[in-house]
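Colleague: See upload.cif below, with mmCIF, C-alpha atoms.
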```cif
data_protein
#
loop_
_atom_site.label_atom_id
_atom_site.label_comp_id
_atom_site.auth_asym_id
_atom_site.auth_seq_id
_atom_site.Cartn_x
_atom_site.Cartn_y
_atom_site.Cartn_z
CA MET A 1 -171.53 -8.22 78.57
CA ASP A 2 -172.43 -4.71 77.46
CA ARG A 3 -175.30 -4.79 79.83
CA LEU A 4 -172.98 -5.62 82.71
CA ARG A 5 -170.42 -2.94 81.74
CA GLY A 6 -173.04 -0.24 81.53
CA SER A 7 -174.64 -1.02 84.90
CA ALA A 8 -173.89 1.02 88.10
CA PRO A 9 -171.20 -0.39 90.44
CA ALA A 10 -172.47 -2.84 93.03
CA LEU A 11 -173.48 -1.21 96.33
CA ARG A 12 -170.80 -1.81 98.99
CA ILE A 13 -172.20 -2.40 102.44
CA HIS A 14 -170.01 -1.54 105.49
CA ALA A 15 -170.80 -2.19 109.13
CA ALA A 16 -170.88 1.28 110.73
CA PHE A 17 -172.64 3.42 113.29
CA SER A 18 -175.45 5.59 112.15
CA LEU A 19 -175.42 9.32 112.84
CA VAL A 20 -178.11 8.87 115.49
CA GLU A 21 -176.01 6.25 117.29
CA VAL A 22 -172.94 8.49 117.30
CA LEU A 23 -174.93 11.46 118.55
CA ALA A 24 -176.56 9.37 121.26
CA SER A 25 -173.20 8.03 122.44
CA LEU A 26 -171.79 11.58 122.42
CA PHE A 27 -174.73 12.74 124.52
CA ILE A 28 -174.28 9.89 127.02
CA LEU A 29 -170.55 10.52 127.25
CA THR A 30 -171.08 14.24 127.80
CA ILE A 31 -173.60 13.59 130.57
CA SER A 32 -171.24 11.03 132.12
CA ALA A 33 -168.31 13.47 131.95
CA MET A 34 -170.39 16.18 133.60
CA GLY A 35 -171.53 13.75 136.30
CA ILE A 36 -168.00 12.55 136.98
CA THR A 37 -166.74 16.15 137.15
CA ALA A 38 -169.48 17.13 139.60
CA ALA A 39 -168.86 14.07 141.77
CA TRP A 40 -165.12 14.65 141.61
CA ARG A 41 -165.47 18.30 142.68
CA LEU A 42 -167.86 17.39 145.49
CA ALA A 43 -165.53 14.64 146.75
CA ASP A 44 -162.61 17.09 146.62
CA TYR A 45 -164.60 19.72 148.49
CA GLN A 46 -165.76 17.28 151.19
CA GLU A 47 -162.24 15.94 151.59
CA LEU A 48 -160.93 19.49 151.97
CA LEU A 49 -163.59 20.32 154.57
CA THR A 50 -162.73 17.20 156.58
CA ARG A 51 -159.01 17.91 156.50
CA VAL A 52 -159.47 21.59 157.34
CA ASP A 53 -161.77 20.67 160.24
CA ARG A 54 -159.17 18.27 161.66
CA ARG A 55 -156.43 20.87 161.24
CA ALA A 56 -158.54 23.50 163.03
CA GLU A 57 -159.01 21.08 165.94
CA ARG A 58 -155.30 20.30 166.00
CA ILE A 59 -154.30 24.00 165.99
CA LEU A 60 -156.78 24.78 168.76
CA ARG A 61 -155.36 21.92 170.83
CA GLN A 62 -151.81 23.24 170.27
CA TYR A 63 -152.72 26.70 171.51
CA TYR A 64 -154.62 25.20 174.42
CA GLU A 65 -151.41 23.40 175.42
CA LEU A 66 -149.39 26.59 175.06
CA GLN A 67 -151.89 28.70 176.96
CA THR A 68 -152.17 26.12 179.74
CA PHE A 69 -148.59 24.92 180.20
CA ALA A 70 -146.21 27.59 178.88
CA PRO A 71 -144.64 30.01 181.38
CA PRO A 72 -146.96 33.01 181.87
CA GLU A 73 -144.70 35.37 179.90
CA SER A 74 -144.64 33.02 176.90
CA ARG A 75 -148.36 32.38 176.68
CA PRO A 76 -150.05 33.62 173.54
CA PHE A 77 -152.80 35.37 175.53
CA THR A 78 -152.82 37.12 178.89
CA VAL A 79 -155.72 36.66 181.23
CA ASN A 80 -157.14 40.08 182.01
CA ALA A 81 -157.77 41.02 185.60
CA SER A 82 -160.91 42.73 184.40
CA SER A 83 -163.98 40.60 184.89
CA SER A 84 -165.71 41.89 181.78
CA PRO A 85 -165.50 39.55 178.80
CA SER A 86 -163.09 40.95 176.25
CA ALA A 87 -161.27 39.77 173.21
CA GLN A 88 -157.51 40.20 172.79
CA ASN A 89 -155.33 40.47 169.74
CA ALA A 90 -156.07 37.52 167.52
CA ILE A 91 -153.54 34.98 166.31
CA THR A 92 -153.94 34.46 162.60
CA GLY A 93 -152.77 31.92 160.06
CA TYR A 94 -153.91 29.69 157.23
CA LEU A 95 -155.40 26.23 157.32
CA TYR A 96 -154.66 25.19 153.76
CA HIS A 97 -151.37 25.48 151.86
CA PRO A 98 -152.01 24.05 148.38
CA ARG A 99 -149.10 23.15 146.12
CA LEU A 100 -148.78 25.86 143.46
CA ILE A 101 -148.32 25.18 139.77
CA ALA A 102 -144.61 24.86 138.94
CA GLY A 103 -142.94 28.20 138.36
CA GLN A 104 -145.77 30.24 139.86
CA ASN A 105 -143.68 31.16 142.88
CA SER A 106 -140.16 29.81 142.93
CA SER A 107 -139.33 30.78 146.53
CA ASN A 108 -142.31 29.05 148.10
CA PRO A 109 -144.10 26.31 146.16
CA PHE A 110 -147.11 26.42 148.51
CA GLY A 111 -149.87 29.00 148.76
CA ASP A 112 -152.00 30.19 151.68
CA LEU A 113 -155.76 29.67 151.69
CA ILE A 114 -158.57 29.51 154.25
CA PRO A 115 -157.46 31.99 156.91
CA PHE A 116 -158.18 31.35 160.58
CA SER A 117 -158.00 33.45 163.70
CA ILE A 118 -157.78 32.48 167.35
CA THR A 119 -158.96 34.78 170.12
CA MET A 120 -159.33 34.38 173.83
CA THR A 121 -162.43 35.62 175.55
CA ASN A 122 -162.23 36.36 179.24
CA GLY A 123 -165.32 35.36 181.13
CA ALA A 124 -166.28 36.61 184.57
CA ALA A 125 -167.18 33.21 185.96
CA PRO A 126 -164.50 30.66 186.92
CA GLY A 127 -163.69 28.59 183.88
CA GLY A 128 -165.12 31.30 181.66
CA ASN A 129 -161.91 31.82 179.70
CA GLN A 130 -162.02 30.16 176.36
CA LEU A 131 -160.10 30.01 173.12
CA VAL A 132 -162.16 30.52 170.00
CA LEU A 133 -160.89 29.53 166.58
CA SER A 134 -162.87 30.75 163.60
CA TYR A 135 -162.44 30.19 159.90
CA THR A 136 -164.49 30.54 156.74
CA VAL A 137 -165.00 27.57 154.46
CA PRO A 138 -165.07 28.42 150.75
CA SER A 139 -168.31 28.38 148.79
CA TYR A 140 -169.36 25.43 146.69
CA GLY A 141 -171.93 25.61 143.91
CA THR A 142 -174.97 27.44 145.16
CA GLN A 143 -173.84 27.09 148.75
CA GLY A 144 -172.21 30.28 149.99
CA SER A 145 -169.13 30.47 152.18
CA ARG A 146 -169.74 29.69 155.86
CA LYS A 147 -168.01 30.85 158.99
CA LEU A 148 -167.24 28.06 161.45
CA THR A 149 -166.01 28.37 165.02
CA LYS A 150 -164.44 25.93 167.44
CA THR A 151 -164.16 26.61 171.13
CA VAL A 152 -162.20 25.16 174.00
CA VAL A 153 -162.67 26.15 177.64
CA LEU A 154 -159.43 26.83 179.48
CA ASN A 155 -158.79 25.39 182.89
CA PRO A 156 -159.21 28.05 185.57
CA MET B 1 -165.48 5.24 113.41
CA VAL B 2 -162.53 7.54 114.12
CA GLY B 3 -164.90 9.91 115.91
CA VAL B 4 -166.12 7.16 118.22
CA PHE B 5 -162.54 6.18 119.09
CA LEU B 6 -161.76 9.83 119.75
CA VAL B 7 -164.71 10.23 122.10
CA VAL B 8 -164.01 6.97 123.94
CA GLY B 9 -160.31 7.91 124.20
CA ALA B 10 -161.14 11.35 125.60
CA ALA B 11 -163.57 9.86 128.13
CA THR B 12 -161.00 7.29 129.23
CA GLY B 13 -158.33 9.96 129.58
CA PHE B 14 -160.71 12.11 131.59
CA LEU B 15 -161.58 9.22 133.89
CA LEU B 16 -157.93 8.32 134.39
CA THR B 17 -157.08 11.94 135.26
CA ALA B 18 -159.95 12.06 137.75
CA MET B 19 -158.84 8.80 139.33
CA GLN B 20 -155.22 9.95 139.47
CA ARG B 21 -156.21 13.20 141.17
CA GLN B 22 -158.44 11.35 143.64
CA ALA B 23 -155.63 8.91 144.43
CA ALA B 24 -153.29 11.86 145.09
CA VAL B 25 -155.82 13.43 147.47
CA LEU B 26 -156.33 10.13 149.30
CA GLN B 27 -152.57 9.63 149.54
CA ALA B 28 -152.16 13.14 150.98
CA SER B 29 -154.94 12.54 153.46
CA ALA B 30 -153.40 9.23 154.57
CA LEU B 31 -149.98 10.86 155.02
CA GLU B 32 -151.50 13.64 157.11
CA ALA B 33 -153.31 11.06 159.26
CA GLN B 34 -150.01 9.20 159.82
CA HIS B 35 -148.31 12.36 160.98
CA GLU B 36 -151.28 13.24 163.15
CA ALA B 37 -150.75 9.90 164.89
CA LEU B 38 -147.04 10.72 165.24
CA ALA B 39 -147.90 14.10 166.80
CA GLU B 40 -150.14 12.36 169.33
CA ILE B 41 -147.46 9.77 170.16
CA MET B 42 -144.95 12.60 170.59
CA ASP B 43 -147.35 14.61 172.75
CA ASP B 44 -148.02 11.60 175.01
CA SER B 45 -144.31 10.76 175.21
CA ILE B 46 -143.36 14.31 176.19
CA LYS B 47 -146.12 14.72 178.75
CA SER B 48 -145.49 11.40 180.46
CA ALA B 49 -141.69 11.71 180.40
CA VAL B 50 -139.82 11.42 183.68
CA ASP B 51 -136.59 12.19 181.84
CA PHE B 52 -136.06 13.77 178.42
CA GLN B 53 -133.32 15.37 176.34
CA ILE B 54 -132.88 16.97 172.92
CA TYR B 55 -129.68 16.18 171.02
CA GLN B 56 -128.00 17.43 167.88
CA GLN B 57 -126.03 14.19 167.46
CA ALA B 58 -127.22 10.61 167.86
CA PRO B 59 -127.50 9.89 171.60
CA SER B 60 -125.89 6.95 173.34
CA LEU B 61 -128.10 3.90 173.38
CA SER B 62 -128.83 3.54 177.05
CA SER B 63 -127.77 5.85 179.79
CA SER B 64 -129.74 6.58 182.89
CA PRO B 65 -130.20 9.39 183.58
CA LEU B 66 -129.91 10.75 180.06
CA ALA B 67 -126.74 12.65 179.21
CA PRO B 68 -127.11 16.45 179.05
CA GLY B 69 -128.43 17.59 175.69
CA ASN B 70 -128.96 20.79 173.71
CA SER B 71 -131.66 23.46 173.49
CA SER B 72 -132.49 22.35 169.95
CA GLY B 73 -131.70 19.42 167.72
CA ASP B 74 -133.03 16.68 165.48
CA TYR B 75 -133.13 14.00 168.19
CA LEU B 76 -135.64 13.83 171.05
CA VAL B 77 -135.43 11.14 173.70
CA CYS B 78 -138.18 10.67 176.28
CA VAL B 79 -138.06 8.13 179.09
CA ASN B 80 -141.27 7.22 180.85
CA GLN B 81 -142.60 4.27 182.86
CA GLN B 82 -143.35 2.30 179.68
CA GLY B 83 -139.81 2.62 178.38
CA ARG B 84 -137.83 4.86 176.08
CA SER B 85 -139.16 6.77 173.05
CA GLU B 86 -136.76 8.18 170.53
CA PHE B 87 -137.64 10.53 167.67
CA HIS B 88 -135.14 11.41 164.97
CA PHE B 89 -135.44 13.62 161.90
CA ASP B 90 -133.00 12.36 159.24
CA GLY B 91 -133.57 14.95 156.53
CA THR B 92 -136.63 13.49 154.83
CA GLN B 93 -138.50 11.50 157.46
CA ILE B 94 -139.03 11.17 161.18
CA GLU B 95 -138.04 7.87 162.69
CA TYR B 96 -139.80 6.81 165.88
CA GLN B 97 -138.34 4.04 167.98
CA GLN B 98 -139.94 2.72 171.13
CA THR B 99 -138.01 0.46 173.46
CA GLN B 100 -139.88 -1.50 176.11
CA GLY B 101 -137.51 -3.86 177.86
CA LYS B 102 -135.99 -5.92 175.08
CA VAL B 103 -138.78 -5.18 172.61
CA VAL B 104 -137.91 -2.50 170.05
CA GLN B 105 -140.54 -1.12 167.70
CA GLN B 106 -139.69 1.22 164.87
CA ARG B 107 -141.91 3.32 162.62
CA LEU B 108 -141.03 5.71 159.82
CA PHE B 109 -143.00 8.81 158.91
CA PRO B 110 -141.97 10.08 155.46
CA GLY B 111 -142.49 13.36 153.60
CA VAL B 112 -141.01 15.64 156.25
CA SER B 113 -139.34 19.01 155.69
CA GLN B 114 -138.02 21.47 158.24
CA ILE B 115 -139.83 24.71 158.92
CA SER B 116 -138.09 27.95 157.92
CA ASP B 117 -137.49 30.94 160.15
CA PRO B 118 -139.90 33.63 158.85
CA ASN B 119 -137.28 36.35 159.28
CA THR B 120 -134.05 34.75 158.10
CA GLY B 121 -135.46 31.96 155.93
CA GLN B 122 -133.07 29.50 157.55
CA LYS B 123 -134.19 25.95 158.20
CA GLU B 124 -134.83 25.24 161.86
CA GLN B 125 -134.24 22.04 163.75
CA VAL B 126 -137.29 19.94 164.49
CA PHE B 127 -137.05 19.81 168.30
CA ASN B 128 -136.36 22.70 170.65
CA MET B 129 -136.93 24.04 174.14
CA TYR B 130 -137.92 27.61 173.28
CA LEU B 131 -140.50 29.32 175.52
CA GLY B 132 -139.44 26.93 178.27
CA ILE B 133 -141.45 24.01 176.93
CA VAL B 134 -140.60 21.09 174.67
CA GLN B 135 -141.59 21.81 171.08
CA ALA B 136 -141.50 19.89 167.83
CA GLN B 137 -142.22 21.60 164.54
CA TRP B 138 -142.16 20.15 161.06
CA ASN B 139 -143.91 20.33 157.70
CA VAL B 140 -145.36 17.44 155.76
CA ASP B 141 -145.15 17.91 152.00
CA THR B 142 -147.92 15.88 150.40
CA THR B 143 -148.72 15.55 146.70
CA VAL B 144 -151.35 18.29 146.94
CA ASP B 145 -150.38 20.56 149.82
CA GLN B 146 -148.14 21.28 152.78
CA VAL B 147 -149.29 20.55 156.31
CA PRO B 148 -147.52 22.17 159.26
CA PHE B 149 -147.33 20.23 162.52
CA ASN B 150 -146.56 21.72 165.93
CA VAL B 151 -146.36 19.80 169.18
CA PHE B 152 -146.06 21.64 172.49
CA GLY B 153 -145.67 19.66 175.66
CA VAL B 154 -144.51 20.01 179.21
CA PRO B 155 -142.96 16.88 180.73
CA LEU B 156 -144.11 15.70 184.16
CA GLN B 157 -140.92 16.93 185.81
CA MET B 158 -141.57 20.48 184.58
CA GLN B 159 -145.27 20.71 185.45
#
```
Since I need it in another form, could you write the structure as structure tokens?
Modeller:
Amino acid sequence: MDRLRGSAPALRIHAAFSLVEVLASLFILTISAMGITAAWRLADYQELLTRVDRRAERILRQYYELQTFAPPESRPFTVNASSSPSAQNAITGYLYHPRLIAGQNSSNPFGDLIPFSITMTNGAAPGGNQLVLSYTVPSYGTQGSRKLTKTVVLNP
Amino acid sequence: MVGVFLVVGAATGFLLTAMQRQAAVLQASALEAQHEALAEIMDDSIKSAVDFQIYQQAPSLSSSPLAPGNSSGDYLVCVNQQGRSEFHFDGTQIEYQQTQGKVVQQRLFPGVSQISDPNTGQKEQVFNMYLGIVQAQWNVDTTVDQVPFNVFGVPLQMQ
């Protein structure tokens, strides 16, 4: 009896993860989180590029309609009599209006990003007049920002 | 044990947030595509119209030729060889109704807000005849951004 009382308490064994297991799972989760974040950002960026590209096409088509069908005095650009190619005052705007964080700007909850400009170049040859829309896509990772242009030839 | 639950919980929360954000972007993209289709329908309807009118009040159902309208309004009616196309902005959405003979098709395009005059800040009506051509202008407010839409068209009778 005395021998039992004097002995150390029995070792209690619990099912548990070892430190190595916890660290390994943390490492895997961190890598996974980083991978998901990178994939998420890339998907967001590609989606934005696609949408901005479609919007640029749509805006160019709208100005083509205006330039072709509106009464001469209401057209956004005037065709110069001069045969030398020249650029006129550009029309400017934004392709992306992201929703701002609540309270950032109470009057307008949307911002303005990715500026574009439309110019008309007058060519000497028949059918040489064209509308040129240009915009700069934002940088992503190591890839710098790029300037893109879209062109439509106006009917003579 | 608590640590593991914490890590798994954080990872799950992160994944859910990512999925939620991606769903919002996809939803916005789908809404923009819907309105792009509407803009094309409107463009085709205006260009091919043999008769058209813009109204501030709901137009009569069938009158030929169309009753005189207004220079701007929230109703646009185009009549072409295929039938009659009617567009109506009701405050939050654009309703498109196409009538071909006795067949009536209706589609709704939600998430619409009126554009504001840059000088006065007043809301403008969706359809107008400024610059001497038929115009439609509206904004689509998606979950992530705002997309402006402009349609300019000259009906056959004006070309």
Colleague: Fewer than 3 positions away in the same chain doesn't count, so skip those; otherwise give me all residues within 12 Å of Tyr94 in chain A, counting only C-alpha atoms, as a PyMOL selection string.
Modeller: (chain A and resi 52+55-56+59+91+97-98+110-118+133-137) or (chain B and resi 146-148)
Colleague: How would you write, as number ranges by chain, the residues chosen by the PyMOL selection byres ((chain A) within 8 of (chain B)) on this structure?
Modeller: A: 16-17, 22, 26, 29, 33, 36-37, 40, 44, 51, 62, 65-66, 69-71, 74, 96-99, 110
Colleague: One decimal, Å: what's the distance from CA of Phe77 in chain A over to CA of Leu131 in chain A, could you say?
Modeller: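 Going from CA of Phe77 in chain A over to CA of Leu131 in chain A covers 9.4 Å.
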Colleague: Please report the interatomic distance between CA of Gln106 in chain B and CA of Met129 in chain B in Å with one decimal.
Modeller: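 Going from CA of Gln106 in chain B over to CA of Met129 in chain B covers 24.8 Å.
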Colleague: In Å, how far is it from CA of Asn155 in chain A to CA of Glu57 in chain A?
Modeller: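 Distance between the two atoms: 17.5 Å.
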Colleague: Can you tell me, as a list in words, what residues are no more than 6 Å from range 82-96 of chain B when counting only C-alpha atoms, ignoring any on the same chain fewer than 3 positions away?
Modeller: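 Within the cut-off, the hits are Asp74, Tyr75, Leu76, Val77, Cys78, Val79, Thr99, Gln100, Gln106, Arg107, Leu108, Phe109, Pro110, Gly111 and Val112 of chain B.
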Colleague: Dump C-alpha atoms for the selected residues as a short mmCIF file (atom, residue, chain, number, x, y, z; two decimals), in the coordinates of the input?
Modeller:
```cif
data_model
loop_
_atom_site.label_atom_id
_atom_site.label_comp_id
_atom_site.auth_asym_id
_atom_site.auth_seq_id
_atom_site.Cartn_x
_atom_site.Cartn_y
_atom_site.Cartn_z
CA ASP B 74 -133.03 16.68 165.48
CA TYR B 75 -133.13 14.00 168.19
CA LEU B 76 -135.64 13.83 171.05
CA VAL B 77 -135.43 11.14 173.70
CA CYS B 78 -138.18 10.67 176.28
CA VAL B 79 -138.06 8.13 179.09
CA THR B 99 -138.01 0.46 173.46
CA GLN B 100 -139.88 -1.50 176.11
CA GLN B 106 -139.69 1.22 164.87
CA ARG B 107 -141.91 3.32 162.62
CA LEU B 108 -141.03 5.71 159.82
CA PHE B 109 -143.00 8.81 158.91
CA PRO B 110 -141.97 10.08 155.46
CA GLY B 111 -142.49 13.36 153.60
CA VAL B 112 -141.01 15.64 156.25
#
```
